[in-house]
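Reviewing the structure listed below.
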Amino acid sequence: MASVSYPRALAMAALQAALSGTWIAAGELSPVRRRLARAGSVVTVAAIGYIVSPPADRSAESPVSLRLVAPSAEHSLGIAAPDLDGTSPEAASPQEEQPEAEVSIDKRKALTGAVVIALSAAAIVGRRKLEKRWLTRLTRNGHAHPTRALAVRMAAVEFAGQFALQMADRRKPT
């Protein structure tokens, strides 16, 4: 996979910031209009993201195919299927099952996953605290449209964060 170019990183960060800002700004609308605004912004950003995606990412050479596999009654219930002559064998006992394969866990990957989850949770909590603090301050200072002002501020924060993530992804070895 080729590295992400600067214009593409800027565009993707701007798209994410626009989506975040629109989502927050829609908070002061009526419920129906809020849902329409949020759904419209998500659809618009998804469409723009698809249009600007590199052709290699959306080529027909690697189509996505889904295959649904329903578990058989034998596997899901632990009951053996009936024989062709109509007789049903006894239910399989748990002792007759095959021994479990030994599972090896890569401790570095597990630690990395835990760190990523912890950082993601911290970012969500920090963002929400920042939103509440700024909204409280804007409301207390008598701003005419505190939710809109909050949306502009959070869009700037979102842009900075997303651009930093895009640049970090650009530096990642392929």
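As shown in the structure tokens, the chain order sets the letters A, B, ...; within each chain, residues go from 1, and ligands are also counted from 1 in the order they appear.
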For this session: Give me the residues within 8 Å of Gln166 (chain A) as a list in words, counting only C-alpha atoms and dropping any in the same chain fewer than 5 places off.
Result: Val4, Ala9 and Ala13 of chain A
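For Leu36 (chain A), the residues within 12 Å (counting only C-alpha atoms, excluding itself and residues fewer than 6 positions away along the chain) are Thr22, Trp23, Ala26, Gly27, Leu29, Ser30, Val42, Val43 and Thr44 of chain A.
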The selected residues should be written to file as a PDB file, in the first residue's frame (atoms: C-alpha atoms).
```pdb
ATOM      1  CA  THR A  22     -21.939  19.120  11.739  1.00  0.00           C
ATOM      2  CA  TRP A  23     -22.830  16.376  14.198  1.00  0.00           C
ATOM      3  CA  ALA A  26     -27.078  19.617  14.829  1.00  0.00           C
ATOM      4  CA  GLY A  27     -27.514  19.192  18.577  1.00  0.00           C
ATOM      5  CA  LEU A  29     -32.037  21.371  16.166  1.00  0.00           C
ATOM      6  CA  SER A  30     -35.374  19.656  16.688  1.00  0.00           C
ATOM      7  CA  VAL A  42     -22.717  10.958   7.262  1.00  0.00           C
ATOM      8  CA  VAL A  43     -23.934  10.020   3.782  1.00  0.00           C
ATOM      9  CA  THR A  44     -22.223  13.048   2.226  1.00  0.00           C
TER      10      THR A  44
END
```
For this session: For Ala17 (chain A), work out the shell of residues within 7 Å, counting only C-alpha atoms and skipping chain neighbours fewer than 5 positions away, then give it as a VMD selection string.
Result: chain A and resid 155 to 156 158 to 159
